[in-house]
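A.B. asks: Before we start, here is the structure in question, set down as structure tokens.
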Protein chains: 2
Amino acid sequence: MFSMEPIGVVRSPYAETAQVPRGLGAEHHAEGVLEILPQFEPGLTDIEGFSHLFVLWVFDRASGYELLGTPPVDTRPHGVFATRSPRRPNPIGLSVVRLLGRDGCKLSVRGVDMLDGTAILDIKPYLSSIPIEELRRGWLDDVEASARRRRADE
Amino acid sequence: MFSMEPIGVVRSPYAETAQVPRGLGAEHHAEGVLEILPQFEPGLTDIEGFSHLFVLWVFDRASGYELLGTPPVDTRPHGVFATRSPRRPNPIGLSVVRLLGRDGCKLSVRGVDMLDGTAILDIKPYLSSIPIEELRRGWLDDVEASARRRRADE
């Protein structure tokens with residue numbers, strides 16, 4: 001067992017899960033603030049130079065987990081490790097956000113998909129990308145292809 | 001405080017930190033196996049369709065943390081949240097690996113940079129990339145540019 005302690009909190013426009021855009025092609029353009037606790041401020045030194053950050057956070061309003069579940073974008077169940085379901089054995093969320101600016105221990109970011117008040121566990125620089133031609137996205141590609149076919153048939 | 005429990009363990013060619021490639025342009029091509037505990041195997045359903053995975057794991061051989069530290073690739077200190085230092089307030093590691101195949105609860109992957117026996121906390125599908133032209137990599141870009149200039153001067 002490992003114990004994790006929040007290093008700060010997310011300020012987001014979303015008070016409830018239902019407000020967070022989900023489903024096919026959901027894009028996250030919402031702006032928010034990562035409020036890091038003052039004692040960790042030295043850890044933010046030089047973070048301004050990075051355009052994008054990984055944020056690790058806690059799905060602190062999810063309870064328990066489900067190994068097989070049907071995500072909102074599909075009608076078939078998939079394994080939890082092949083989805084971004086909040087109901088995971090270790091309820092850690094991962095987001096990539098764009099860093100807009102820093103004011104002391106507050107980081108203004110774009111791309112938040114967390115609820116207001118979410119506990120932050122870690123922040124890391126985002127360093128590289130997988131070339132799009134090497135990326136396969138499993139069942140999500142299938143779901144998106146079916147949706148495109150349905151739209152083309154309409 | 002949040003308690004996290006391993007879902008499995010990394011099998012890697014690296015027994016010690018000194019064996020993991022580090023420094024400028026370190027690329028991780030090592031192959032390894034993510035051994036997920038049998039009780040979590042249903043959570044792997046459909047994971048085969050994804051080419052790349054995020055692996056969240058524990059720096060379980062690091063102790064304590066350092067808010068300002070000098071990474072192996074630079075001579076100047078940077079904030080821990082602007083580096084991938086193992087000595088973080090919450091010692092969670094994050095790697096992107098390529099999924100080569102699955103045999104029951106064992107995932108063969110390429111790109112491991114973890115030590116053999118590392119505890120795994122979570123696996124998530126890798127879904128998207130930041131276009132390279134939008135990516136800024138802060139102090140690491142500076143270090144790499146200096147290294148290129150030094151090589152050109154030699």
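Within each chain, counting starts at residue 1; across the structure tokens, chains are named A, B, ... in the order shown, with ligands numbered 1 upward in that order.
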For chain A, list the residues within 8 Å of chain B, counting only C-alpha atoms, and write the list as an NGL selection string.
C.D. replies: :A and (1-7 or 40 or 42-52 or 67-68 or 78-84 or 89-90 or 92 or 121-132 or 134-139)
A.B. asks: List every residue of segment 34-145 of chain B that DSSP, applied to the backbone of this structure, assigns to strand (DSSP E), and report them as JSON, numbers by chain.
C.D. replies: {"B": [34, 35, 36, 52, 53, 54, 55, 56, 57, 58, 68, 69, 78, 79, 92, 93, 94, 95, 96, 97, 98, 99, 100, 101, 102, 103, 106, 107, 108, 109, 110, 119, 120, 121, 122, 123, 124, 125]}
A.B. asks: Hey, which of A:Pro13, A:Pro38, A:Pro86, A:Pro71 ends up closest to Gly111 of chain A? Count only C-alpha atoms.
C.D. replies: A:Pro13
A.B. asks: Run DSSP on the backbone and tell me which residues of chain A come out as helix (DSSP H, G or I); list them as a PyMOL selection string.
C.D. replies: chain A and resi 17-19+38-44+47-49+80-82+132-134+138-153
A.B. asks: If you measure from atom CA of Val33 of chain A to atom CA of Val109 of chain A, what distance in Å do you get, rounded to one decimal?
C.D. replies: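 It comes out at 5.9 Å.
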